[in-house]
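Engineer: Structure file final.tsv (TSV, C-alpha atoms) right here:
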chain	number	residue	atom	x	y	z
A	1492	MET	CA	107.11	97.49	83.03
A	1493	LEU	CA	109.12	97.29	86.25
A	1494	VAL	CA	111.29	94.51	87.63
A	1495	THR	CA	111.80	94.27	91.39
A	1496	PHE	CA	114.89	92.64	92.90
A	1497	LYS	CA	114.56	91.44	96.50
A	1498	CYS	CA	117.08	90.32	99.08
A	1499	ARG	CA	116.81	89.80	102.84
A	1500	SER	CA	119.88	91.91	103.62
A	1501	THR	CA	119.08	94.98	101.47
A	1502	PRO	CA	116.20	97.21	100.43
A	1503	ASP	CA	114.39	96.28	97.21
A	1504	VAL	CA	115.81	97.52	93.90
A	1505	VAL	CA	113.24	98.47	91.25
A	1506	MET	CA	114.18	99.19	87.65
A	1507	LEU	CA	112.69	99.30	84.19
A	1508	ARG	CA	112.46	95.99	82.39
A	1509	ASN	CA	114.80	96.98	79.53
A	1510	LEU	CA	117.61	97.85	81.96
A	1511	ALA	CA	116.97	94.68	83.96
A	1512	GLU	CA	117.16	92.64	80.72
A	1513	TYR	CA	120.48	94.28	79.81
A	1514	LEU	CA	122.03	93.72	83.24
A	1515	LEU	CA	120.73	90.17	83.61
A	1516	ALA	CA	121.97	89.28	80.11
A	1517	ALA	CA	125.41	90.55	81.15
A	1518	ILE	CA	125.46	87.95	83.94
A	1519	GLY	CA	124.00	85.12	81.85
A	1520	LYS	CA	120.40	85.34	83.07
A	1521	GLN	CA	117.11	86.14	81.35
A	1522	VAL	CA	114.18	88.16	82.60
A	1523	ALA	CA	111.27	85.87	83.28
A	1524	THR	CA	108.23	86.34	85.44
A	1525	ARG	CA	110.44	85.32	88.36
A	1526	GLY	CA	114.08	84.44	88.81
A	1527	VAL	CA	116.85	83.93	91.30
A	1528	ILE	CA	120.56	84.56	91.69
A	1529	SER	CA	121.73	82.12	94.32
A	1530	HIS	CA	124.34	83.13	96.87
A	1531	ASP	CA	126.66	80.49	95.36
A	1532	GLU	CA	126.60	82.34	92.01
A	1533	LEU	CA	127.15	85.83	93.36
A	1534	GLY	CA	130.97	85.90	93.27
A	1535	THR	CA	131.00	85.09	89.56
A	1536	VAL	CA	127.97	87.25	88.79
A	1537	ILE	CA	129.47	90.33	90.46
A	1538	THR	CA	132.67	89.94	88.44
A	1539	ARG	CA	130.70	89.54	85.19
A	1540	LEU	CA	128.59	92.62	85.85
A	1541	GLU	CA	131.61	94.75	86.78
A	1542	ARG	CA	133.35	93.61	83.59
A	1543	ALA	CA	130.27	94.39	81.48
A	1544	ILE	CA	130.08	97.90	82.93
A	1545	GLU	CA	133.80	98.48	82.23
A	1546	ASP	CA	133.42	97.13	78.68
A	1547	GLN	CA	130.47	99.46	78.05
A	1548	ALA	CA	132.51	102.44	79.23
A	1549	ARG	CA	135.48	101.46	77.02
A	1550	THR	CA	133.21	100.98	74.00
A	1551	GLU	CA	131.62	104.37	74.54
A	1552	LEU	CA	135.04	106.02	74.84
A	1553	ALA	CA	136.31	104.29	71.68
A	1554	LEU	CA	133.25	105.42	69.72
A	1555	ASN	CA	133.70	108.98	70.91
A	1556	VAL	CA	137.36	108.96	69.85
A	1557	LEU	CA	136.50	107.36	66.51
A	1558	HIS	CA	133.88	109.99	65.78
A	1559	HIS	CA	136.00	112.85	67.19
A	1560	VAL	CA	133.45	113.74	69.82
A	1561	PRO	CA	134.89	116.37	72.16
A	1562	ASN	CA	135.39	115.27	75.73
A	1563	ASP	CA	132.57	117.13	77.45
A	1564	HIS	CA	129.91	116.15	79.96
A	1565	SER	CA	127.52	114.84	77.31
A	1566	SER	CA	130.08	112.39	75.89
A	1567	ASN	CA	130.64	110.82	79.32
A	1568	SER	CA	126.99	110.70	80.32
A	1569	ALA	CA	126.04	107.58	78.32
A	1570	ALA	CA	128.71	105.36	79.89
A	1571	ALA	CA	128.09	106.86	83.31
A	1572	THR	CA	124.37	106.25	82.94
A	1573	VAL	CA	124.81	102.49	82.61
A	1574	GLU	CA	127.23	102.46	85.54
A	1575	HIS	CA	124.99	104.62	87.70
A	1576	ARG	CA	121.86	102.69	86.84
A	1577	ALA	CA	123.55	99.36	87.55
A	1578	TRP	CA	124.99	100.51	90.87
A	1579	PRO	CA	121.96	99.70	93.12
A	1580	LEU	CA	121.79	96.14	91.78
A	1581	LEU	CA	125.55	95.69	92.02
A	1582	ASP	CA	125.49	97.00	95.59
A	1583	MET	CA	122.66	94.57	96.41
A	1584	MET	CA	124.72	91.72	94.96
A	1585	ARG	CA	127.74	92.62	97.06
A	1586	GLU	CA	125.70	92.79	100.26
A	1587	ALA	CA	123.88	89.54	99.46
A	1588	HIS	CA	127.22	87.85	98.81
A	1589	ARG	CA	128.59	89.14	102.10
A	1590	HIS	CA	125.54	87.88	104.02
A	1591	GLY	CA	125.09	84.62	102.08
A	1592	ASP	CA	121.64	85.62	100.78
A	1593	ASP	CA	119.94	84.91	97.46
A	1594	ILE	CA	118.50	87.60	95.21
A	1595	LEU	CA	115.02	87.08	93.81
A	1596	TRP	CA	113.36	89.09	91.08
A	1597	GLY	CA	109.90	89.37	89.68
A	1598	ILE	CA	107.88	91.40	87.22
Can you dump the structure from the file as structure tokens?

Structural biologist:
Amino acid sequence: MLVTFKCRSTPDVVMLRNLAEYLLAAIGKQVATRGVISHDELGTVITRLERAIEDQARTELALNVLHHVPNDHSSNSAAATVEHRAWPLLDMMREAHRHGDDILWGI
């Protein structure tokens, strides 16, 4: 199932529900049929999401070191995947914050 994020100042961002659940949980929200991130919340939400992405990357690195995984492209791809997949939503949040817009989502 897909979740679509909408904002007046940016193109729509569409992602799979499981990724949307993960990213919304990182900012203290839950996926429902519809939801909103108000422009007043965006400063805090952006910081939370950036921190969650950094924490995920650190956790992945620590697990690789713990399990003696060699530092090759495959060991970096999992952490990069979360960061890369979150980027369109994070970019939308930054633009919405800059323009004073809300972000709406729906299933």

Engineer: What's the 8 Å shell around Leu1595 of chain A, counting all atoms listed in the file, without same-chain residues fewer than 3 positions away, as a list in words?

Structural biologist: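 So the residues in contact are Phe1496, Lys1497, Cys1498, Arg1525, Gly1526, Val1527 and Ile1528 of chain A.
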
Engineer: So, counting only C-alpha atoms, which residue among A:Glu1574, A:Glu1545, A:Glu1532, A:Glu1512 is closest to Ala1587 of chain A?

Structural biologist: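 For Ala1587 of chain A, the nearest of the candidates is A:Glu1532.
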
Engineer: What does the distance from atom CA of Asp1582 of chain A to atom CA of Leu1554 of chain A come to in Å, to one decimal?

Structural biologist: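 The value is 28.3 Å.
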
Engineer: Using all atoms listed in the file, which residue out of A:Arg1549, A:Arg1542, A:Arg1499, A:Arg1585 lies closest to Ala1517 of chain A?

Structural biologist: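 Using all atoms listed in the file, Ala1517 of chain A sits closest to A:Arg1542.
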
Engineer: I'd like the contact shell of Leu1533 of chain A - 9 Å cut-off, all atoms listed in the file, skipping same-chain residues fewer than 3 positions apart - returned as a list of chain:residue names.

Structural biologist: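 What passes the distance filter is A:Ile1528, A:Ser1529, A:His1530, A:Val1536, A:Ile1537, A:Thr1538, A:Met1584, A:Arg1585, A:Ala1587, A:His1588, A:Asp1593.
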